[in-house]
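*Asks:* My structure is stored as run.pdb, with PDB, C-alpha atoms and all ligand atoms.
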```
MODEL        1
ATOM      1  CA  MET A   1     -26.495 -61.768   6.356  1.00  0.00           C
ATOM      2  CA  THR A   2     -22.750 -61.255   6.725  1.00  0.00           C
ATOM      3  CA  VAL A   3     -21.650 -57.908   5.314  1.00  0.00           C
ATOM      4  CA  LEU A   4     -17.976 -57.918   6.232  1.00  0.00           C
ATOM      5  CA  ARG A   5     -15.898 -60.981   7.094  1.00  0.00           C
ATOM      6  CA  ALA A   6     -12.265 -61.275   8.087  1.00  0.00           C
ATOM      7  CA  GLU A   7     -10.582 -64.636   8.614  1.00  0.00           C
ATOM      8  CA  ASP A   8      -7.010 -64.938   9.871  1.00  0.00           C
ATOM      9  CA  LEU A   9      -6.192 -61.429   8.622  1.00  0.00           C
ATOM     10  CA  ARG A  10      -2.460 -60.659   8.612  1.00  0.00           C
ATOM     11  CA  VAL A  11      -0.889 -57.329   7.661  1.00  0.00           C
ATOM     12  CA  THR A  12       2.856 -56.825   7.322  1.00  0.00           C
ATOM     13  CA  TYR A  13       4.453 -53.441   6.676  1.00  0.00           C
ATOM     14  CA  SER A  14       7.651 -53.474   4.691  1.00  0.00           C
ATOM     15  CA  THR A  15      10.127 -50.899   5.989  1.00  0.00           C
ATOM     16  CA  LYS A  16      13.798 -50.103   5.516  1.00  0.00           C
ATOM     17  CA  GLY A  17      14.396 -51.678   8.906  1.00  0.00           C
ATOM     18  CA  GLY A  18      12.626 -54.895   7.914  1.00  0.00           C
ATOM     19  CA  ASP A  19       9.142 -56.345   8.022  1.00  0.00           C
ATOM     20  CA  VAL A  20       6.724 -55.171  10.705  1.00  0.00           C
ATOM     21  CA  PRO A  21       4.110 -57.854  11.559  1.00  0.00           C
ATOM     22  CA  ALA A  22       1.398 -55.361  12.516  1.00  0.00           C
ATOM     23  CA  VAL A  23      -1.673 -57.635  12.486  1.00  0.00           C
ATOM     24  CA  ARG A  24      -1.768 -61.405  12.993  1.00  0.00           C
ATOM     25  CA  GLY A  25      -4.713 -63.799  13.040  1.00  0.00           C
ATOM     26  CA  VAL A  26      -7.629 -61.372  13.239  1.00  0.00           C
ATOM     27  CA  SER A  27     -11.065 -62.849  12.478  1.00  0.00           C
ATOM     28  CA  PHE A  28     -14.522 -61.303  12.752  1.00  0.00           C
ATOM     29  CA  GLU A  29     -17.895 -61.130  11.035  1.00  0.00           C
ATOM     30  CA  ILE A  30     -20.214 -58.133  10.855  1.00  0.00           C
ATOM     31  CA  ASP A  31     -23.828 -58.809   9.988  1.00  0.00           C
ATOM     32  CA  LYS A  32     -26.200 -56.340   8.382  1.00  0.00           C
ATOM     33  CA  GLY A  33     -27.155 -53.698  10.937  1.00  0.00           C
ATOM     34  CA  GLU A  34     -24.301 -54.571  13.291  1.00  0.00           C
ATOM     35  CA  VAL A  35     -21.509 -52.244  14.339  1.00  0.00           C
ATOM     36  CA  LEU A  36     -18.131 -53.588  15.453  1.00  0.00           C
ATOM     37  CA  GLY A  37     -15.870 -51.530  17.691  1.00  0.00           C
ATOM     38  CA  LEU A  38     -12.130 -52.187  17.817  1.00  0.00           C
ATOM     39  CA  ALA A  39     -10.514 -51.503  21.167  1.00  0.00           C
ATOM     40  CA  GLY A  40      -6.941 -52.078  22.240  1.00  0.00           C
ATOM     41  CA  GLU A  41      -3.717 -50.453  23.326  1.00  0.00           C
ATOM     42  CA  SER A  42      -1.867 -48.041  21.058  1.00  0.00           C
ATOM     43  CA  GLY A  43      -0.044 -49.902  18.300  1.00  0.00           C
ATOM     44  CA  CYS A  44      -2.107 -53.095  18.523  1.00  0.00           C
ATOM     45  CA  GLY A  45      -3.265 -52.712  14.906  1.00  0.00           C
ATOM     46  CA  LYS A  46      -6.688 -51.016  14.892  1.00  0.00           C
ATOM     47  CA  SER A  47      -5.853 -48.504  12.150  1.00  0.00           C
ATOM     48  CA  THR A  48      -3.990 -51.179  10.211  1.00  0.00           C
ATOM     49  CA  ILE A  49      -7.143 -53.331  10.113  1.00  0.00           C
ATOM     50  CA  ALA A  50      -9.286 -50.366   9.001  1.00  0.00           C
ATOM     51  CA  GLY A  51      -6.718 -49.530   6.322  1.00  0.00           C
ATOM     52  CA  ALA A  52      -6.763 -53.098   5.007  1.00  0.00           C
ATOM     53  CA  ILE A  53     -10.562 -53.113   4.733  1.00  0.00           C
ATOM     54  CA  LEU A  54     -10.492 -49.837   2.798  1.00  0.00           C
ATOM     55  CA  ARG A  55      -7.408 -50.797   0.735  1.00  0.00           C
ATOM     56  CA  LEU A  56      -5.576 -47.706   1.910  1.00  0.00           C
ATOM     57  CA  HIS A  57      -2.195 -49.347   2.414  1.00  0.00           C
ATOM     58  CA  SER A  58       0.687 -48.911  -0.003  1.00  0.00           C
ATOM     59  CA  PRO A  59       1.257 -51.746  -2.495  1.00  0.00           C
ATOM     60  CA  ASN A  60       4.295 -53.066  -0.618  1.00  0.00           C
ATOM     61  CA  THR A  61       2.220 -53.686   2.507  1.00  0.00           C
ATOM     62  CA  LYS A  62       1.443 -57.418   2.548  1.00  0.00           C
ATOM     63  CA  ILE A  63      -2.164 -58.292   3.384  1.00  0.00           C
ATOM     64  CA  GLU A  64      -2.960 -61.991   3.804  1.00  0.00           C
ATOM     65  CA  GLY A  65      -5.939 -64.040   4.894  1.00  0.00           C
ATOM     66  CA  THR A  66      -9.576 -63.568   3.952  1.00  0.00           C
ATOM     67  CA  LEU A  67     -11.374 -60.246   3.753  1.00  0.00           C
ATOM     68  CA  GLU A  68     -14.810 -60.266   2.142  1.00  0.00           C
ATOM     69  CA  LEU A  69     -17.305 -57.461   1.632  1.00  0.00           C
ATOM     70  CA  GLU A  70     -20.743 -58.869   0.839  1.00  0.00           C
ATOM     71  CA  GLY A  71     -19.040 -62.076  -0.290  1.00  0.00           C
ATOM     72  CA  GLU A  72     -16.582 -60.325  -2.600  1.00  0.00           C
ATOM     73  CA  ASP A  73     -12.851 -60.671  -2.021  1.00  0.00           C
ATOM     74  CA  VAL A  74     -11.693 -57.197  -0.952  1.00  0.00           C
ATOM     75  CA  LEU A  75      -8.028 -58.125  -1.404  1.00  0.00           C
ATOM     76  CA  SER A  76      -8.406 -58.844  -5.113  1.00  0.00           C
ATOM     77  CA  LEU A  77     -10.362 -55.686  -5.927  1.00  0.00           C
ATOM     78  CA  LYS A  78      -8.438 -53.246  -8.051  1.00  0.00           C
ATOM     79  CA  PRO A  79      -7.547 -50.028  -6.199  1.00  0.00           C
ATOM     80  CA  GLY A  80     -10.441 -47.584  -6.345  1.00  0.00           C
ATOM     81  CA  ARG A  81     -13.055 -50.251  -7.093  1.00  0.00           C
ATOM     82  CA  LEU A  82     -14.428 -50.235  -3.565  1.00  0.00           C
ATOM     83  CA  ARG A  83     -15.252 -46.546  -3.676  1.00  0.00           C
ATOM     84  CA  ALA A  84     -16.440 -46.573  -7.278  1.00  0.00           C
ATOM     85  CA  ASP A  85     -18.893 -49.360  -6.446  1.00  0.00           C
ATOM     86  CA  ASP A  86     -20.168 -47.562  -3.394  1.00  0.00           C
ATOM     87  CA  LEU A  87     -21.026 -44.504  -5.469  1.00  0.00           C
ATOM     88  CA  ARG A  88     -23.319 -46.560  -7.682  1.00  0.00           C
ATOM     89  CA  ARG A  89     -25.000 -48.503  -4.909  1.00  0.00           C
ATOM     90  CA  PRO A  90     -27.745 -47.324  -2.581  1.00  0.00           C
ATOM     91  CA  PRO A  91     -26.594 -46.844   1.026  1.00  0.00           C
ATOM     92  CA  THR A  92     -26.052 -50.191   2.750  1.00  0.00           C
ATOM     93  CA  ALA A  93     -24.788 -51.174   6.161  1.00  0.00           C
ATOM     94  CA  SER A  94     -21.386 -51.962   4.663  1.00  0.00           C
ATOM     95  CA  ARG A  95     -21.119 -48.594   2.954  1.00  0.00           C
ATOM     96  CA  LEU A  96     -22.107 -46.755   6.109  1.00  0.00           C
ATOM     97  CA  ALA A  97     -19.610 -48.800   8.127  1.00  0.00           C
ATOM     98  CA  GLY A  98     -16.935 -48.019   5.536  1.00  0.00           C
ATOM     99  CA  ASP A  99     -17.702 -44.327   5.681  1.00  0.00           C
ATOM    100  CA  ARG A 100     -17.333 -44.325   9.445  1.00  0.00           C
ATOM    101  CA  ALA A 101     -14.028 -46.178   9.221  1.00  0.00           C
ATOM    102  CA  ALA A 102     -12.788 -43.764   6.538  1.00  0.00           C
ATOM    103  CA  GLU A 103     -13.615 -40.821   8.773  1.00  0.00           C
ATOM    104  CA  SER A 104     -11.631 -42.299  11.627  1.00  0.00           C
ATOM    105  CA  VAL A 105      -8.541 -43.307   9.647  1.00  0.00           C
ATOM    106  CA  PRO A 106      -7.103 -39.862   8.717  1.00  0.00           C
ATOM    107  CA  ALA A 107      -7.231 -38.862  12.380  1.00  0.00           C
ATOM    108  CA  GLN A 108      -4.840 -41.671  13.302  1.00  0.00           C
ATOM    109  CA  GLY A 109      -1.713 -40.058  11.893  1.00  0.00           C
ATOM    110  CA  HIS A 110       0.015 -42.970  10.216  1.00  0.00           C
ATOM    111  CA  ALA A 111      -2.837 -44.926   8.674  1.00  0.00           C
TER     112      ALA A 111
HETATM  113  N1  LIG A 201       3.251 -47.319   7.798  1.00  0.00           N
HETATM  114  C1  LIG A 201       3.770 -48.128   8.749  1.00  0.00           C
HETATM  115  N2  LIG A 201       4.987 -48.673   8.570  1.00  0.00           N
HETATM  116  C2  LIG A 201       5.525 -49.497   9.507  1.00  0.00           C
HETATM  117  N3  LIG A 201       4.910 -49.836  10.659  1.00  0.00           N
HETATM  118  C3  LIG A 201       3.695 -49.299  10.879  1.00  0.00           C
HETATM  119  C4  LIG A 201       3.055 -48.425   9.948  1.00  0.00           C
HETATM  120  N4  LIG A 201       1.845 -48.057  10.449  1.00  0.00           N
HETATM  121  C5  LIG A 201       1.740 -48.684  11.630  1.00  0.00           C
HETATM  122  N5  LIG A 201       2.849 -49.420  11.907  1.00  0.00           N
HETATM  123  C6  LIG A 201       3.086 -50.286  13.078  1.00  0.00           C
HETATM  124  O1  LIG A 201       2.058 -51.302  13.061  1.00  0.00           O
HETATM  125  C7  LIG A 201       1.597 -51.553  14.387  1.00  0.00           C
HETATM  126  C8  LIG A 201       0.099 -51.288  14.439  1.00  0.00           C
HETATM  127  O2  LIG A 201      -0.111 -49.881  14.291  1.00  0.00           O
HETATM  128  P1  LIG A 201      -1.567 -49.235  14.186  1.00  0.00           P
HETATM  129  O3  LIG A 201      -1.339 -47.820  13.789  1.00  0.00           O
HETATM  130  O4  LIG A 201      -2.436 -50.073  13.323  1.00  0.00           O
HETATM  131  O5  LIG A 201      -2.059 -49.349  15.704  1.00  0.00           O
HETATM  132  P2  LIG A 201      -3.346 -48.671  16.396  1.00  0.00           P
HETATM  133  O6  LIG A 201      -3.991 -49.763  17.187  1.00  0.00           O
HETATM  134  O7  LIG A 201      -4.192 -47.984  15.372  1.00  0.00           O
HETATM  135  O8  LIG A 201      -2.677 -47.616  17.382  1.00  0.00           O
HETATM  136  P3  LIG A 201      -3.285 -46.215  17.952  1.00  0.00           P
HETATM  137  O9  LIG A 201      -4.263 -46.584  19.032  1.00  0.00           O
HETATM  138  O10 LIG A 201      -2.056 -45.511  18.487  1.00  0.00           O
HETATM  139  O11 LIG A 201      -3.926 -45.478  16.798  1.00  0.00           O
HETATM  140  C9  LIG A 201       2.432 -50.685  15.309  1.00  0.00           C
HETATM  141  O12 LIG A 201       3.514 -51.467  15.754  1.00  0.00           O
HETATM  142  C10 LIG A 201       2.907 -49.562  14.400  1.00  0.00           C
HETATM  143  O13 LIG A 201       4.130 -49.031  14.846  1.00  0.00           O
HETATM  144 MG    MG A 202      -4.795 -46.006  15.140  1.00  0.00          MG
ENDMDL
END
```
Can you give me the file's structure in the form of structure tokens?
*Replies:*
Amino acid sequence: MTVLRAEDLRVTYSTKGGDVPAVRGVSFEIDKGEVLGLAGESGCGKSTIAGAILRLHSPNTKIEGTLELEGEDVLSLKPGRLRADDLRRPPTASRLAGDRAAESVPAQGHA
């Protein structure tokens, strides 16, 4: 069973200096019980991907493509819904994966 699915994920930061195409064409699937590690050079977009999954980016950051958590469109969830839902649900692989990602994001500095 697919818990988290990204298809052609694209994230663009809007800055005073113009648009920053931080993530382009990222696709992956994480099944129940699986753990996905993101590795890559500094600035390649690891924190940006984690931020998109957790809806941590500011509203003027453009997130395009498909991002589904247990079949639900993460990008159309209202802010806060992801966490509110998790509080009501028993622990699942997706929640545990989200918790781990949330722990790692504040340590990144600009996520
Ligand atoms: N808030 C932001 N506004 C504009 N550009 C940003 C912002 N955050 C990140 N970027 C840019 O987006 C790109 C991806 O950055 P990101 O922080 O996701 O990389 P990373 O893989 O997590 O890097 P690191 O390994 O250093 O943590 C980089 O070019 C970065 O400069
Ligand atoms: Mg980072």
*Asks:* Could you tell me which residues the PyMOL selection byres (((chain A and resi 20) around 12) and not hetatm) returns for this structure, as a ChimeraX atom specification?
*Replies:* /A:10-19,21-24,43-45,48,60-63
*Asks:* Report, in Å with one decimal, the straight-line distance from atom O13 of ligand LIG 201 (chain A) to CA of Ser42 (chain A).
*Replies:* 8.7 Å
*Asks:* Mind giving me the straight-line distance from CA of Gly65 (chain A) to CA of Phe28 (chain A) in Å, one decimal?
*Replies:*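 CA of Phe28 (chain A) lies at a distance of 12.0 Å from CA of Gly65 (chain A).
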*Asks:* In terms of the shortest atom-to-atom distance over all atoms listed in the file, which of A:Leu56, A:Leu69, A:Val26, A:Ala39 is closest to Arg5 (chain A)?
*Replies:*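 So, comparing all the options, the nearest one is A:Leu69.
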*Asks:* Just how far from atom O11 of ligand LIG 201 (chain A) is CA of Val3 (chain A), in Å to one decimal?
*Replies:*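 CA of Val3 (chain A) sits 24.5 Å away from atom O11 of ligand LIG 201 (chain A).
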*Asks:* Padding of 5 Å on every side, edges along x, y and z, all listed atoms of region 49-58 of chain A included: what centre and edge lengths in Å, to one decimal, does that box have, as lines of an AutoDock Vina configuration file?
*Replies:*
```
center_x = -4.9
center_y = -50.5
center_z = 5.1
size_x = 21.2
size_y = 15.6
size_z = 20.1
```
*Asks:* For each of A:Ser58, A:Ser76, A:Ser47, A:Thr66, take the minimum atom-to-atom distance to ligand MG 202 (chain A), counting all atoms listed in the file, then give the residue where this is smallest.
*Replies:*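 Closest residue, counting all atoms listed in the file: A:Ser47.
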*Asks:* Near Leu67 (chain A), within 6 Å and counting only C-alpha atoms, which residues show up once chain neighbours fewer than 6 positions away are dropped, as an MDAnalysis selection string?
*Replies:* chainID A and resid 5:6 73:74
*Asks:* Please determine, counting only C-alpha atoms and all ligand atoms, which residue among A:Ile30, A:Val35, A:Leu9, A:Ile49 has the shortest atom-to-atom distance to ligand LIG 201 (chain A).
*Replies:*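 Looking only at the distances to ligand LIG 201 (chain A), the closest residue turns out to be A:Ile49.
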*Asks:* Which is closest to ligand LIG 201 (chain A) among A:Glu41, A:Glu72, A:Glu64, A:Asp31, if we use all atoms listed in the file?
*Replies:* A:Glu41
*Asks:* Please determine, counting only C-alpha atoms and all ligand atoms, which residue among A:Ser27, A:Ala50, A:Glu70, A:Pro59 has the shortest atom-to-atom distance to ligand LIG 201 (chain A).
*Replies:*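 Closest residue, counting only C-alpha atoms and all ligand atoms: A:Ala50.
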*Asks:* For Glu68 (chain A), which of A:Thr2, A:Gly25, A:Leu38, A:Gly33 is the closest residue, counting all atoms listed in the file?
*Replies:*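 Of A:Thr2, A:Gly25, A:Leu38, A:Gly33, the one nearest Glu68 (chain A) is A:Thr2, counting all atoms listed in the file.
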*Asks:* Some atoms are absent from region 42-65 of chain A, so rebuild N, CA and C atoms and return them as a PDB file, keeping the file's coordinate frame.
*Replies:*
```pdb
ATOM      1  N   SER A  42      -2.486 -48.708  22.200  1.00  0.00           N
ATOM      2  CA  SER A  42      -1.867 -48.041  21.058  1.00  0.00           C
ATOM      3  C   SER A  42      -0.862 -48.975  20.381  1.00  0.00           C
ATOM      4  N   GLY A  43      -0.979 -49.068  19.056  1.00  0.00           N
ATOM      5  CA  GLY A  43      -0.044 -49.902  18.300  1.00  0.00           C
ATOM      6  C   GLY A  43      -0.482 -51.344  18.133  1.00  0.00           C
ATOM      7  N   CYS A  44      -1.682 -51.679  18.621  1.00  0.00           N
ATOM      8  CA  CYS A  44      -2.107 -53.095  18.523  1.00  0.00           C
ATOM      9  C   CYS A  44      -2.634 -53.428  17.134  1.00  0.00           C
ATOM     10  N   GLY A  45      -2.897 -52.418  16.289  1.00  0.00           N
ATOM     11  CA  GLY A  45      -3.265 -52.712  14.906  1.00  0.00           C
ATOM     12  C   GLY A  45      -4.656 -52.270  14.463  1.00  0.00           C
ATOM     13  N   LYS A  46      -5.320 -51.451  15.240  1.00  0.00           N
ATOM     14  CA  LYS A  46      -6.688 -51.016  14.892  1.00  0.00           C
ATOM     15  C   LYS A  46      -6.722 -50.277  13.554  1.00  0.00           C
ATOM     16  N   SER A  47      -5.866 -49.273  13.401  1.00  0.00           N
ATOM     17  CA  SER A  47      -5.853 -48.504  12.150  1.00  0.00           C
ATOM     18  C   SER A  47      -5.387 -49.363  10.979  1.00  0.00           C
ATOM     19  N   THR A  48      -4.488 -50.285  11.264  1.00  0.00           N
ATOM     20  CA  THR A  48      -3.990 -51.179  10.211  1.00  0.00           C
ATOM     21  C   THR A  48      -5.122 -52.044   9.666  1.00  0.00           C
ATOM     22  N   ILE A  49      -5.995 -52.527  10.549  1.00  0.00           N
ATOM     23  CA  ILE A  49      -7.143 -53.331  10.113  1.00  0.00           C
ATOM     24  C   ILE A  49      -8.087 -52.470   9.274  1.00  0.00           C
ATOM     25  N   ALA A  50      -8.390 -51.255   9.761  1.00  0.00           N
ATOM     26  CA  ALA A  50      -9.286 -50.366   9.001  1.00  0.00           C
ATOM     27  C   ALA A  50      -8.692 -50.064   7.629  1.00  0.00           C
ATOM     28  N   GLY A  51      -7.384 -49.830   7.592  1.00  0.00           N
ATOM     29  CA  GLY A  51      -6.718 -49.530   6.322  1.00  0.00           C
ATOM     30  C   GLY A  51      -6.780 -50.695   5.345  1.00  0.00           C
ATOM     31  N   ALA A  52      -6.688 -51.909   5.874  1.00  0.00           N
ATOM     32  CA  ALA A  52      -6.763 -53.098   5.007  1.00  0.00           C
ATOM     33  C   ALA A  52      -8.160 -53.230   4.404  1.00  0.00           C
ATOM     34  N   ILE A  53      -9.183 -52.996   5.228  1.00  0.00           N
ATOM     35  CA  ILE A  53     -10.562 -53.113   4.733  1.00  0.00           C
ATOM     36  C   ILE A  53     -10.813 -52.107   3.618  1.00  0.00           C
ATOM     37  N   LEU A  54     -10.254 -50.912   3.777  1.00  0.00           N
ATOM     38  CA  LEU A  54     -10.492 -49.837   2.798  1.00  0.00           C
ATOM     39  C   LEU A  54      -9.428 -49.782   1.707  1.00  0.00           C
ATOM     40  N   ARG A  55      -8.488 -50.724   1.733  1.00  0.00           N
ATOM     41  CA  ARG A  55      -7.408 -50.797   0.735  1.00  0.00           C
ATOM     42  C   ARG A  55      -6.605 -49.491   0.673  1.00  0.00           C
ATOM     43  N   LEU A  56      -6.312 -48.967   1.851  1.00  0.00           N
ATOM     44  CA  LEU A  56      -5.576 -47.706   1.910  1.00  0.00           C
ATOM     45  C   LEU A  56      -4.062 -47.906   2.000  1.00  0.00           C
ATOM     46  N   HIS A  57      -3.621 -49.127   2.216  1.00  0.00           N
ATOM     47  CA  HIS A  57      -2.195 -49.347   2.414  1.00  0.00           C
ATOM     48  C   HIS A  57      -1.426 -49.295   1.095  1.00  0.00           C
ATOM     49  N   SER A  58      -0.146 -48.966   1.197  1.00  0.00           N
ATOM     50  CA  SER A  58       0.687 -48.911  -0.003  1.00  0.00           C
ATOM     51  C   SER A  58       0.863 -50.330  -0.553  1.00  0.00           C
ATOM     52  N   PRO A  59       1.179 -50.429  -1.852  1.00  0.00           N
ATOM     53  CA  PRO A  59       1.257 -51.746  -2.495  1.00  0.00           C
ATOM     54  C   PRO A  59       2.279 -52.682  -1.857  1.00  0.00           C
ATOM     55  N   ASN A  60       3.297 -52.160  -1.217  1.00  0.00           N
ATOM     56  CA  ASN A  60       4.295 -53.066  -0.618  1.00  0.00           C
ATOM     57  C   ASN A  60       3.922 -53.513   0.792  1.00  0.00           C
ATOM     58  N   THR A  61       2.721 -53.150   1.237  1.00  0.00           N
ATOM     59  CA  THR A  61       2.220 -53.686   2.507  1.00  0.00           C
ATOM     60  C   THR A  61       1.525 -55.014   2.201  1.00  0.00           C
ATOM     61  N   LYS A  62       1.978 -56.085   2.846  1.00  0.00           N
ATOM     62  CA  LYS A  62       1.443 -57.418   2.548  1.00  0.00           C
ATOM     63  C   LYS A  62       0.193 -57.687   3.381  1.00  0.00           C
ATOM     64  N   ILE A  63      -0.900 -57.977   2.697  1.00  0.00           N
ATOM     65  CA  ILE A  63      -2.164 -58.292   3.384  1.00  0.00           C
ATOM     66  C   ILE A  63      -2.524 -59.723   3.018  1.00  0.00           C
ATOM     67  N   GLU A  64      -2.658 -60.576   4.036  1.00  0.00           N
ATOM     68  CA  GLU A  64      -2.960 -61.991   3.804  1.00  0.00           C
ATOM     69  C   GLU A  64      -4.187 -62.403   4.602  1.00  0.00           C
ATOM     70  N   GLY A  65      -4.731 -63.553   4.236  1.00  0.00           N
ATOM     71  CA  GLY A  65      -5.939 -64.040   4.894  1.00  0.00           C
ATOM     72  C   GLY A  65      -7.156 -63.726   4.045  1.00  0.00           C
TER      73      GLY A  65
END
```
